[in-house]
>>> print(open('final.pdb').read())   # PDB, C-alpha atoms
ATOM      1  CA  MET A 219      26.278  55.295  54.957
ATOM      2  CA  LYS A 220      27.154  51.864  53.626
ATOM      3  CA  LYS A 221      30.144  52.038  51.309
ATOM      4  CA  LYS A 222      29.564  50.172  48.056
ATOM      5  CA  ILE A 223      31.865  50.540  45.082
ATOM      6  CA  ILE A 224      31.144  48.062  42.296
ATOM      7  CA  GLY A 225      32.729  47.547  38.907
ATOM      8  CA  LEU A 226      30.244  49.790  37.097
ATOM      9  CA  THR A 227      30.143  52.410  39.839
ATOM     10  CA  LEU A 228      33.522  54.019  39.341
ATOM     11  CA  ALA A 229      35.127  56.395  41.808
ATOM     12  CA  LEU A 230      36.923  59.249  40.094
ATOM     13  CA  SER A 231      40.468  60.046  41.126
ATOM     14  CA  LEU A 232      42.860  62.637  39.762
ATOM     15  CA  SER A 233      46.119  61.389  38.259
ATOM     16  CA  THR A 234      49.101  63.249  36.857
ATOM     17  CA  THR A 235      47.843  62.587  33.348
ATOM     18  CA  GLY A 236      44.272  63.701  33.914
ATOM     19  CA  MET A 237      41.194  61.877  35.126
ATOM     20  CA  ALA A 238      41.522  58.213  36.036
ATOM     21  CA  PHE A 239      39.066  55.649  37.337
ATOM     22  CA  ALA A 240      39.288  53.408  40.379
ATOM     23  CA  ALA A 241      36.959  50.578  41.337
ATOM     24  CA  THR A 242      36.548  47.470  43.473
ATOM     25  CA  ASN A 243      33.789  44.882  43.595
ATOM     26  CA  TYR A 244      33.709  44.817  47.410
ATOM     27  CA  SER A 245      31.370  46.657  49.722
ATOM     28  CA  THR A 246      32.451  47.241  53.310
ATOM     29  CA  SER A 247      30.137  44.482  54.559
ATOM     30  CA  GLU A 248      31.486  42.022  51.970
ATOM     31  CA  ALA A 249      35.092  42.894  52.806
ATOM     32  CA  LEU A 250      34.383  42.462  56.527
ATOM     33  CA  ALA A 251      32.715  39.091  55.948
ATOM     34  CA  LYS A 252      35.732  37.853  53.983
ATOM     35  CA  TYR A 253      38.139  39.154  56.635
ATOM     36  CA  ASN A 254      36.281  37.483  59.502
ATOM     37  CA  LYS A 255      35.969  34.213  57.581
ATOM     38  CA  TYR A 256      39.683  33.810  56.950
ATOM     39  CA  ILE A 257      41.581  35.719  59.648
ATOM     40  CA  ASN A 258      41.710  32.581  61.844
ATOM     41  CA  ALA A 259      41.558  30.004  59.052
ATOM     42  CA  ASP A 260      44.086  27.205  58.645
ATOM     43  CA  SER A 261      44.989  28.467  55.194
ATOM     44  CA  TYR A 262      46.216  31.752  56.658
ATOM     45  CA  VAL A 263      47.187  31.547  60.318
ATOM     46  CA  LYS A 264      48.690  28.084  60.651
ATOM     47  CA  ASP A 265      50.030  27.540  57.130
ATOM     48  CA  GLU A 266      50.627  30.775  55.269
ATOM     49  CA  LEU A 267      52.114  32.791  58.127
ATOM     50  CA  TYR A 268      54.756  30.083  58.451
ATOM     51  CA  ASN A 269      56.215  31.533  55.252
ATOM     52  CA  VAL A 270      56.591  34.848  57.069
ATOM     53  CA  ALA A 271      58.243  33.183  60.063
ATOM     54  CA  ASP A 272      60.546  31.230  57.749
ATOM     55  CA  PHE A 273      61.585  34.403  55.920
ATOM     56  CA  ARG A 274      62.465  36.164  59.170
ATOM     57  CA  SER A 275      64.409  33.181  60.436
ATOM     58  CA  LYS A 276      66.228  32.188  57.245
ATOM     59  CA  TYR A 277      67.179  35.704  56.129
ATOM     60  CA  ALA A 278      67.806  37.250  59.551
ATOM     61  CA  SER A 279      71.419  37.974  58.580
ATOM     62  CA  LEU A 280      70.097  40.427  55.954
ATOM     63  CA  LYS A 281      67.954  42.387  58.409
ATOM     64  CA  GLY A 282      68.500  46.106  57.908
ATOM     65  CA  THR A 283      69.338  45.779  54.209
ATOM     66  CA  LEU A 284      67.189  47.246  51.462
ATOM     67  CA  ALA A 285      66.256  43.816  50.076
ATOM     68  CA  TYR A 286      65.078  42.595  53.492
ATOM     69  CA  LYS A 287      63.144  45.793  54.175
ATOM     70  CA  VAL A 288      61.299  45.618  50.839
ATOM     71  CA  VAL A 289      59.960  42.161  51.731
ATOM     72  CA  GLU A 290      59.184  43.269  55.290
ATOM     73  CA  ARG A 291      57.220  46.229  53.946
ATOM     74  CA  ALA A 292      55.104  43.878  51.825
ATOM     75  CA  ILE A 293      54.493  41.793  54.973
ATOM     76  CA  TRP A 294      53.571  44.954  56.909
ATOM     77  CA  TYR A 295      50.841  45.735  54.391
ATOM     78  CA  MET A 296      49.594  42.136  54.564
ATOM     79  CA  GLU A 297      49.323  42.350  58.357
ATOM     80  CA  ASN A 298      48.326  45.984  58.862
ATOM     81  CA  GLY A 299      47.188  47.408  55.524
ATOM     82  CA  TYR A 300      43.609  46.038  55.313
ATOM     83  CA  LEU A 301      44.073  46.132  51.564
ATOM     84  CA  ILE A 302      41.318  44.705  49.379
ATOM     85  CA  TYR A 303      41.500  43.963  45.676
ATOM     86  CA  GLY A 304      40.614  46.697  43.207
ATOM     87  CA  HIS A 305      41.942  48.733  40.306
ATOM     88  CA  GLY A 306      43.039  52.336  40.047
ATOM     89  CA  HIS A 307      46.077  54.581  39.833
ATOM     90  CA  ASP A 308      47.619  54.645  43.332
ATOM     91  CA  ALA A 309      44.170  53.685  44.646
ATOM     92  CA  TYR A 310      45.437  52.336  47.968
ATOM     93  CA  GLY A 311      46.342  55.763  49.296
ATOM     94  CA  LYS A 312      42.870  57.043  48.448
ATOM     95  CA  TYR A 313      40.521  54.114  49.054
ATOM     96  CA  GLY A 314      42.455  51.199  50.570
ATOM     97  CA  TYR A 315      42.443  48.871  47.572
ATOM     98  CA  GLU A 316      44.950  47.879  44.898
ATOM     99  CA  ASP A 317      45.738  45.210  42.294
ATOM    100  CA  CYS A 318      48.923  43.131  41.882
ATOM    101  CA  SER A 319      51.015  45.647  39.968
ATOM    102  CA  GLY A 320      49.665  48.541  42.017
ATOM    103  CA  PHE A 321      50.690  46.764  45.222
ATOM    104  CA  THR A 322      54.194  46.102  43.882
ATOM    105  CA  ARG A 323      54.435  49.755  42.856
ATOM    106  CA  LEU A 324      53.249  50.755  46.352
ATOM    107  CA  VAL A 325      55.902  48.685  48.155
ATOM    108  CA  PHE A 326      58.817  49.801  45.994
ATOM    109  CA  GLY A 327      57.539  53.375  46.084
ATOM    110  CA  ASP A 328      58.042  53.376  49.855
ATOM    111  CA  PHE A 329      61.781  53.159  49.110
ATOM    112  CA  GLY A 330      61.916  55.823  46.417
ATOM    113  CA  TYR A 331      61.414  53.632  43.329
ATOM    114  CA  ASN A 332      58.954  54.737  40.663
ATOM    115  CA  ILE A 333      57.908  51.598  38.808
ATOM    116  CA  THR A 334      54.850  50.999  36.682
ATOM    117  CA  GLY A 335      51.457  50.100  38.075
ATOM    118  CA  THR A 336      50.527  48.228  34.878
ATOM    119  CA  SER A 337      51.299  44.499  34.937
ATOM    120  CA  SER A 338      51.539  44.183  31.136
ATOM    121  CA  SER A 339      54.500  46.592  31.194
ATOM    122  CA  TYR A 340      56.664  44.603  33.615
ATOM    123  CA  ASP A 341      58.897  43.214  30.871
ATOM    124  CA  SER A 342      60.510  46.665  30.950
ATOM    125  CA  VAL A 343      60.876  46.875  34.747
ATOM    126  CA  GLY A 344      64.457  46.504  35.970
ATOM    127  CA  THR A 345      66.495  43.765  34.311
ATOM    128  CA  LYS A 346      65.609  40.154  33.597
ATOM    129  CA  VAL A 347      67.125  37.598  35.979
ATOM    130  CA  ALA A 348      68.911  35.015  33.853
ATOM    131  CA  GLY A 349      68.612  31.293  34.447
ATOM    132  CA  VAL A 350      65.144  31.215  36.040
ATOM    133  CA  GLY A 351      62.535  29.093  34.294
ATOM    134  CA  LYS A 352      60.039  26.269  34.720
ATOM    135  CA  LYS A 353      59.688  22.598  33.882
ATOM    136  CA  LYS A 354      57.066  19.898  34.198
ATOM    137  CA  VAL A 355      57.933  16.766  36.159
ATOM    138  CA  ASP A 356      55.470  13.882  36.561
ATOM    139  CA  GLY A 357      52.585  16.102  35.531
ATOM    140  CA  LYS A 358      53.447  18.947  37.911
ATOM    141  CA  TRP A 359      55.243  22.221  37.294
ATOM    142  CA  GLN A 360      58.187  23.560  39.251
ATOM    143  CA  LEU A 361      60.471  26.576  39.043
ATOM    144  CA  THR A 362      64.053  26.044  37.967
ATOM    145  CA  GLY A 363      67.108  28.150  38.667
ATOM    146  CA  ILE A 364      65.769  29.561  41.936
ATOM    147  CA  GLU A 365      69.368  29.816  43.152
ATOM    148  CA  ASN A 366      69.643  32.796  40.792
ATOM    149  CA  LEU A 367      66.861  34.688  42.578
ATOM    150  CA  ARG A 368      67.281  37.212  45.401
ATOM    151  CA  ILE A 369      64.763  38.378  47.960
ATOM    152  CA  GLY A 370      63.100  41.508  46.628
ATOM    153  CA  ASP A 371      63.077  40.339  43.000
ATOM    154  CA  ILE A 372      59.782  40.622  41.103
ATOM    155  CA  LEU A 373      58.229  37.508  39.532
ATOM    156  CA  THR A 374      55.754  37.737  36.645
ATOM    157  CA  TRP A 375      53.092  35.460  35.142
ATOM    158  CA  GLN A 376      51.616  35.449  31.640
ATOM    159  CA  SER A 377      48.314  33.706  30.866
ATOM    160  CA  THR A 378      47.529  35.236  27.446
ATOM    161  CA  ASP A 379      49.673  37.456  25.216
ATOM    162  CA  HIS A 380      50.867  39.719  28.022
ATOM    163  CA  ILE A 381      51.930  39.669  31.674
ATOM    164  CA  SER A 382      48.835  39.469  33.854
ATOM    165  CA  HIS A 383      50.233  39.057  37.382
ATOM    166  CA  VAL A 384      53.283  40.148  39.394
ATOM    167  CA  ALA A 385      54.484  39.501  42.956
ATOM    168  CA  ILE A 386      57.539  40.029  45.175
ATOM    169  CA  TYR A 387      59.959  37.165  45.849
ATOM    170  CA  MET A 388      60.622  36.505  49.546
ATOM    171  CA  GLY A 389      63.063  33.591  49.286
ATOM    172  CA  THR A 390      62.570  29.910  50.056
ATOM    173  CA  ASN A 391      60.730  28.470  53.041
ATOM    174  CA  ARG A 392      61.673  25.617  55.391
ATOM    175  CA  GLU A 393      60.778  23.074  52.707
ATOM    176  CA  GLY A 394      62.948  24.771  50.097
ATOM    177  CA  LYS A 395      59.957  26.045  48.137
ATOM    178  CA  PRO A 396      60.184  29.489  46.524
ATOM    179  CA  VAL A 397      57.699  31.949  48.054
ATOM    180  CA  VAL A 398      56.175  35.157  46.699
ATOM    181  CA  ILE A 399      53.993  37.773  48.383
ATOM    182  CA  GLY A 400      51.385  39.870  46.620
ATOM    183  CA  THR A 401      47.701  40.020  45.813
ATOM    184  CA  LYS A 402      45.967  36.665  45.980
ATOM    185  CA  GLY A 403      42.427  35.482  45.265
ATOM    186  CA  GLU A 404      40.193  34.001  47.925
ATOM    187  CA  ASN A 405      41.024  32.205  51.194
ATOM    188  CA  ASN A 406      42.792  35.206  52.731
ATOM    189  CA  PRO A 407      41.356  37.852  55.058
ATOM    190  CA  THR A 408      42.614  40.696  52.843
ATOM    191  CA  ALA A 409      43.784  40.852  49.231
ATOM    192  CA  LEU A 410      47.363  39.975  50.204
ATOM    193  CA  GLY A 411      48.984  36.618  50.803
ATOM    194  CA  THR A 412      51.900  34.341  49.996
ATOM    195  CA  VAL A 413      52.228  31.550  47.432
ATOM    196  CA  ASP A 414      54.558  28.548  47.657
ATOM    197  CA  GLY A 415      52.706  26.013  45.492
ATOM    198  CA  TRP A 416      53.969  25.849  41.906
ATOM    199  CA  SER A 417      52.563  22.543  40.667
ATOM    200  CA  TYR A 418      49.760  23.983  38.575
ATOM    201  CA  TRP A 419      48.808  27.538  37.509
ATOM    202  CA  TRP A 420      51.631  29.334  39.341
ATOM    203  CA  GLY A 421      54.252  27.117  37.739
ATOM    204  CA  GLU A 422      52.652  26.712  34.326
ATOM    205  CA  LYS A 423      52.032  30.434  33.789
ATOM    206  CA  PHE A 424      55.336  31.666  35.234
ATOM    207  CA  HIS A 425      56.890  34.120  32.774
ATOM    208  CA  SER A 426      60.083  35.693  34.120
ATOM    209  CA  ALA A 427      61.878  37.261  37.069
ATOM    210  CA  ARG A 428      62.839  40.941  37.102
ATOM    211  CA  ARG A 429      65.428  42.662  39.299
ATOM    212  CA  VAL A 430      65.040  46.265  40.411
ATOM    213  CA  LEU A 431      67.287  46.261  43.478
ATOM    214  CA  PRO A 432      71.058  46.650  42.978
ATOM    215  CA  ASN A 433      73.693  44.292  44.384
ATOM    216  CA  ALA A 434      74.236  46.725  47.249
ATOM    217  CA  ALA A 435      70.671  46.028  48.444
ATOM    218  CA  LEU A 436      71.973  42.827  50.061
ATOM    219  CA  SER A 437      74.544  44.633  52.194
ATOM    220  CA  GLY A 438      72.881  47.952  53.060
ATOM    221  CA  MET A 439      70.288  50.477  51.956
ATOM    222  CA  ALA A 440      71.985  51.176  48.601
ATOM    223  CA  GLY A 441      71.461  54.905  49.040
ATOM    224  CA  LYS A 442      67.702  54.560  49.530
ATOM    225  CA  THR A 443      65.598  55.921  52.400
ATOM    226  CA  GLU A 444      62.717  53.997  53.912
ATOM    227  CA  LYS A 445      59.488  55.993  54.065
ATOM    228  CA  ALA A 446      56.584  55.365  56.419
ATOM    229  CA  PRO A 447      53.892  53.015  55.055
ATOM    230  CA  VAL A 448      51.035  54.655  53.193
ATOM    231  CA  ILE A 449      47.877  55.093  55.284
ATOM    232  CA  PRO A 450      44.711  55.330  53.146
ATOM    233  CA  GLN A 451      42.572  58.453  53.284
ATOM    234  CA  SER A 452      39.578  56.101  53.537
ATOM    235  CA  TYR A 453      39.107  52.329  53.744
ATOM    236  CA  VAL A 454      36.622  49.961  52.168
ATOM    237  CA  LEU A 455      37.791  47.455  54.816
ATOM    238  CA  PRO A 456      38.197  49.481  58.036
ATOM    239  CA  PRO A 457      41.130  48.371  60.245
ATOM    240  CA  GLN A 458      39.973  45.636  62.613
ATOM    241  CA  LYS A 459      42.709  46.427  65.118
ATOM    242  CA  ALA A 460      44.850  49.473  65.732
ATOM    243  CA  VAL A 461      47.368  50.049  62.947
ATOM    244  CA  PRO A 462      50.731  50.217  64.755
ATOM    245  CA  ALA A 463      52.626  53.489  64.728
ATOM    246  CA  TRP A 464      55.504  53.081  62.308
ATOM    247  CA  THR A 465      59.175  53.382  63.196
ATOM    248  CA  ASN A 466      62.202  51.925  61.436
ATOM    249  CA  SER A 467      62.130  48.973  63.827
ATOM    250  CA  SER A 468      58.377  48.387  64.067
ATOM    251  CA  VAL A 469      58.258  46.848  60.597
ATOM    252  CA  GLN A 470      60.318  43.969  61.874
ATOM    253  CA  GLN A 471      58.292  43.536  65.060
ATOM    254  CA  SER A 472      54.726  43.366  63.757
ATOM    255  CA  GLN A 473      54.838  39.544  63.636
ATOM    256  CA  PRO A 474      56.805  37.374  66.081
ATOM    257  CA  ALA A 475      59.885  35.882  64.499
ATOM    258  CA  ALA A 476      60.194  32.136  64.165
ATOM    259  CA  GLN A 477      61.323  30.561  67.413
ATOM    260  CA  GLN A 478      63.429  27.486  67.874
ATOM    261  CA  PRO A 479      61.428  24.365  68.741
ATOM    262  CA  GLU A 480      61.639  23.056  72.275
ATOM    263  CA  ILE A 481      64.068  20.206  72.816
ATOM    264  CA  VAL A 482      62.494  16.811  73.327
ATOM    265  CA  ASN A 483      64.058  13.395  73.806
ATOM    266  CA  PRO A 484      65.902  13.140  70.455
ATOM    267  CA  ASP A 485      66.244   9.375  70.470
ATOM    268  CA  ASN A 486      62.698   8.742  71.693
ATOM    269  CA  GLU A 487      64.056   6.613  74.534
ATOM    270  CA  GLN A 488      61.637   4.909  76.890
ATOM    271  CA  GLN A 489      60.680   7.249  79.722
ATOM    272  CA  SER A 490      58.802   6.682  82.940
ATOM    273  CA  GLU A 491      56.766   9.811  82.261
ATOM    274  CA  LYS A 492      54.989  10.587  79.014
ATOM    275  CA  GLN A 493      55.412  13.736  76.973
ATOM    276  CA  TYR A 494      52.552  15.576  75.330
ATOM    277  CA  VAL A 495      52.200  18.471  72.913
ATOM    278  CA  VAL A 496      49.717  21.183  73.871
ATOM    279  CA  THR A 497      48.780  24.484  72.274
ATOM    280  CA  ARG A 498      49.771  27.828  73.718
ATOM    281  CA  LYS A 499      46.740  29.779  72.500
ATOM    282  CA  GLY A 500      43.754  28.664  70.478
ATOM    283  CA  TRP A 501      43.754  25.669  68.157
ATOM    284  CA  VAL A 502      46.567  24.376  65.964
ATOM    285  CA  SER A 503      46.264  22.327  62.767
ATOM    286  CA  LEU A 504      46.983  18.599  62.676
ATOM    287  CA  LYS A 505      48.579  17.411  59.435
ATOM    288  CA  ALA A 506      48.586  14.066  57.634
ATOM    289  CA  SER A 507      52.349  14.289  57.063
ATOM    290  CA  ALA A 508      55.285  16.448  58.129
ATOM    291  CA  SER A 509      54.612  19.217  55.621
ATOM    292  CA  SER A 510      52.696  22.500  55.758
ATOM    293  CA  SER A 511      51.230  21.676  52.336
ATOM    294  CA  SER A 512      49.868  18.280  53.422
ATOM    295  CA  THR A 513      46.199  17.664  54.186
ATOM    296  CA  THR A 514      44.808  19.165  57.387
ATOM    297  CA  VAL A 515      43.143  16.278  59.228
ATOM    298  CA  GLY A 516      41.989  18.021  62.387
ATOM    299  CA  ARG A 517      42.759  20.509  65.116
ATOM    300  CA  LEU A 518      44.294  20.323  68.562
ATOM    301  CA  GLN A 519      42.229  22.677  70.697
ATOM    302  CA  LEU A 520      43.475  24.756  73.621
ATOM    303  CA  GLY A 521      43.319  22.540  76.716
ATOM    304  CA  GLU A 522      43.693  19.293  74.746
ATOM    305  CA  LYS A 523      46.923  17.314  74.555
ATOM    306  CA  ALA A 524      48.492  15.039  71.951
ATOM    307  CA  GLU A 525      50.801  12.201  72.972
ATOM    308  CA  LEU A 526      54.295  12.853  71.622
ATOM    309  CA  ILE A 527      55.743   9.985  69.584
ATOM    310  CA  LYS A 528      58.893  11.739  68.378
ATOM    311  CA  LYS A 529      60.202  14.894  66.801
ATOM    312  CA  ALA A 530      59.989  14.077  63.086
ATOM    313  CA  ASN A 531      62.322  16.952  62.147
ATOM    314  CA  ASN A 532      63.077  20.504  63.247
ATOM    315  CA  TYR A 533      59.623  21.656  62.185
ATOM    316  CA  TRP A 534      57.175  18.860  63.028
ATOM    317  CA  TYR A 535      56.266  16.646  65.975
ATOM    318  CA  GLN A 536      54.788  13.216  65.287
ATOM    319  CA  VAL A 537      51.935  12.782  67.751
ATOM    320  CA  LYS A 538      49.036  10.453  68.489
ATOM    321  CA  VAL A 539      45.511  11.873  68.677
ATOM    322  CA  ASN A 540      42.482   9.606  69.158
ATOM    323  CA  GLY A 541      44.609   6.616  68.205
ATOM    324  CA  LYS A 542      45.794   8.145  64.926
ATOM    325  CA  THR A 543      49.331   9.256  64.081
ATOM    326  CA  VAL A 544      49.418  12.861  62.842
ATOM    327  CA  TYR A 545      51.807  15.812  62.791
ATOM    328  CA  ILE A 546      51.815  19.195  64.507
ATOM    329  CA  THR A 547      54.166  22.167  64.261
ATOM    330  CA  THR A 548      57.171  22.530  66.576
ATOM    331  CA  ASN A 549      56.933  26.332  66.315
ATOM    332  CA  SER A 550      56.907  27.401  69.964
ATOM    333  CA  THR A 551      54.736  30.388  69.119
ATOM    334  CA  TYR A 552      51.886  27.873  68.858
ATOM    335  CA  THR A 553      52.861  24.679  70.742
ATOM    336  CA  LYS A 554      54.903  23.428  73.679
ATOM    337  CA  VAL A 555      55.880  20.057  75.148
ATOM    338  CA  ILE A 556      54.835  19.058  78.660
ATOM    339  CA  THR A 557      55.716  15.991  80.733
ATOM    340  CA  GLU A 558      53.221  14.136  82.907
TER
END
>>> encode(input="final.pdb", output="structure tokens")
Amino acid sequence: MKKKIIGLTLALSLSTTGMAFAATNYSTSEALAKYNKYINADSYVKDELYNVADFRSKYASLKGTLAYKVVERAIWYMENGYLIYGHGHDAYGKYGYEDCSGFTRLVFGDFGYNITGTSSSYDSVGTKVAGVGKKKVDGKWQLTGIENLRIGDILTWQSTDHISHVAIYMGTNREGKPVVIGTKGENNPTALGTVDGWSYWWGEKFHSARRVLPNAALSGMAGKTEKAPVIPQSYVLPPQKAVPAWTNSSVQQSQPAAQQPEIVNPDNEQQSEKQYVVTRKGWVSLKASASSSSTTVGRLQLGEKAELIKKANNYWYQVKVNGKTVYITTNSTYTKVITE
């Protein structure tokens, strides 16, 4: 039977306070269509997952700590949870959907924390992180005081008279941009994704940062025990690949860590043989400049090669494709350099 749960068709669930309602606007077919549309899209695979690779590379020294594991658990749900957007008290465990505050509650609950699932109440969650704010520069917003943030903090946004969105801070990426993980609108295969663009809504509506994890979360487990991820009793979006069996180490292995780029001629000296960049599997985005947030101008397909001009920095090759100068990632998960 086709599963269809719409806003006015509410699924009843039992809460500790009585009867509660849960609902999502997605049917199974709609959730599958969205998943298939975006699972291989530039906006997710070649851009957004770089934030995951950057987190694992930049904060590798914190692996095994509570703060690191909280962020990794959020990533696990993004990769293996098949979570779609919906509302309801602890609805993910029952139906496979959740909203922003419910997802944050879910992640922290896996480590023994009992925080609210209501976004408007997040001003009372943990303690406020001092010195974090926002400012507008040349018509664009940016966060200030990000040096005061820690991975595992909770960021909040307010668009009316109350907090309307929350997400988990996962540090800064290779470009120094602050990154959060949580529920996100369109352009992602599931309801979860990362955000590193603060110029407009995300910067303008930023409200505050909250801290739940103690100082000891950066050096160990702070007395907390990591539980297995929640597996829904039923899914609106059925898993499209086997959900990996969980162990304490599998959380950190579900996505390959960032790898060091291959070494190329650093001074771009004249060589008798030419060097080319090729893809390892599938296509890889071509960018207008050496930035993951720059315009995507094309794709380098598997079997094609791009003439290497130079390594622009540790993260981007400058290459020539069809006579045009463009940029492609140095991440050796996706590309490699060959000599002919």
>>> resolve_selection(input="final.pdb", expression="the PyMOL selection byres ((chain A and resi 337-341) around 9)", output="list in words")
Cys318, Ser319, Gly320, Ile333, Thr334, Gly335, Thr336, Ser342, Val343, Gly344, Thr345, Lys346, Thr374, Gln376, His380, Ile381, Ser382, His383, Val384, Ser426 and Arg428 of chain A
>>> residues_around(input="final.pdb", residues="stretch 355-368 of chain A", least_positions_apart="4", cutoff="10 Å", atoms="only C-alpha atoms", output="ChimeraX atom specification")
/A:285-286,347-351,372-373,387-390,394-396,415-424,427-429,431,433,435-436
>>> resolve_selection(input="final.pdb", expression="the PyMOL selection byres ((chain A and resi 321) around 10)", output="VMD selection string")
chain A and resid 292 295 301 303 308 to 310 315 to 320 322 to 327 335 384 to 386 400 to 401 409 to 410
>>> write_last_selection(input="final.pdb", atoms="C-alpha atoms", output="CSV table (one decimal), keeping the file's coordinate frame")
chain,number,residue,atom,x,y,z
A,292,ALA,CA,55.1,43.9,51.8
A,295,TYR,CA,50.8,45.7,54.4
A,301,LEU,CA,44.1,46.1,51.6
A,303,TYR,CA,41.5,44.0,45.7
A,308,ASP,CA,47.6,54.6,43.3
A,309,ALA,CA,44.2,53.7,44.6
A,310,TYR,CA,45.4,52.3,48.0
A,315,TYR,CA,42.4,48.9,47.6
A,316,GLU,CA,45.0,47.9,44.9
A,317,ASP,CA,45.7,45.2,42.3
A,318,CYS,CA,48.9,43.1,41.9
A,319,SER,CA,51.0,45.6,40.0
A,320,GLY,CA,49.7,48.5,42.0
A,322,THR,CA,54.2,46.1,43.9
A,323,ARG,CA,54.4,49.8,42.9
A,324,LEU,CA,53.2,50.8,46.4
A,325,VAL,CA,55.9,48.7,48.2
A,326,PHE,CA,58.8,49.8,46.0
A,327,GLY,CA,57.5,53.4,46.1
A,335,GLY,CA,51.5,50.1,38.1
A,384,VAL,CA,53.3,40.1,39.4
A,385,ALA,CA,54.5,39.5,43.0
A,386,ILE,CA,57.5,40.0,45.2
A,400,GLY,CA,51.4,39.9,46.6
A,401,THR,CA,47.7,40.0,45.8
A,409,ALA,CA,43.8,40.9,49.2
A,410,LEU,CA,47.4,40.0,50.2
>>> atom_distance(input="final.pdb", atom1="atom CA of A:Lys538", atom2="atom CA of A:Glu522")
12.1 Å
>>> atom_distance(input="final.pdb", atom1="atom CA of A:Gly370", atom2="atom CA of A:Val398")
9.4 Å
>>> residues_around(input="final.pdb", residues="A:Glu558", least_positions_apart="4", cutoff="7 Å", atoms="all atoms listed in the file", output="JSON, numbers by chain")
{"A": [491, 492, 493]}
>>> closest_atom_pairs(input="final.pdb", of="stretch 377-483 of chain A", to="stretch 243-256 of chain A", cutoff="7 Å", atoms="all atoms listed in the file", output="Markdown table")
| residue | atom | partner | partner_atom | distance |
| --- | --- | --- | --- | --- |
| A:Asn405 | CA | A:Tyr256 | CA | 6.1 |
| A:Asn406 | CA | A:Tyr256 | CA | 5.4 |
| A:Pro407 | CA | A:Tyr253 | CA | 3.8 |
| A:Thr408 | CA | A:Tyr253 | CA | 6.1 |
| A:Val454 | CA | A:Thr246 | CA | 5.1 |
| A:Leu455 | CA | A:Thr246 | CA | 5.6 |
>>> atom_distance(input="final.pdb", atom1="atom CA of A:Val515", atom2="atom CA of A:Thr551")
20.8 Å
>>> resolve_selection(input="final.pdb", expression="the PyMOL selection byres ((chain A and resi 498) around 6)", output="number ranges by chain")
A: 497, 499, 552-553
>>> write_last_selection(input="final.pdb", atoms="C-alpha atoms", output="mmCIF file, in the coordinates of the input")
data_model
loop_
_atom_site.group_PDB
_atom_site.id
_atom_site.type_symbol
_atom_site.label_atom_id
_atom_site.label_comp_id
_atom_site.auth_asym_id
_atom_site.auth_seq_id
_atom_site.Cartn_x
_atom_site.Cartn_y
_atom_site.Cartn_z
ATOM 1 C CA THR A 497 48.780 24.484 72.274
ATOM 2 C CA LYS A 499 46.740 29.779 72.500
ATOM 3 C CA TYR A 552 51.886 27.873 68.858
ATOM 4 C CA THR A 553 52.861 24.679 70.742
#
>>> residues_around(input="final.pdb", residues="A:Ala530", least_positions_apart="4", cutoff="9 Å", atoms="all atoms listed in the file", output="ChimeraX atom specification")
/A:508,534-536,545
>>> closest_residue(input="final.pdb", among="A:Glu290, A:Asn391, A:Ile527, A:Val555", to="A:Asp272", atoms="only C-alpha atoms")
A:Asn391
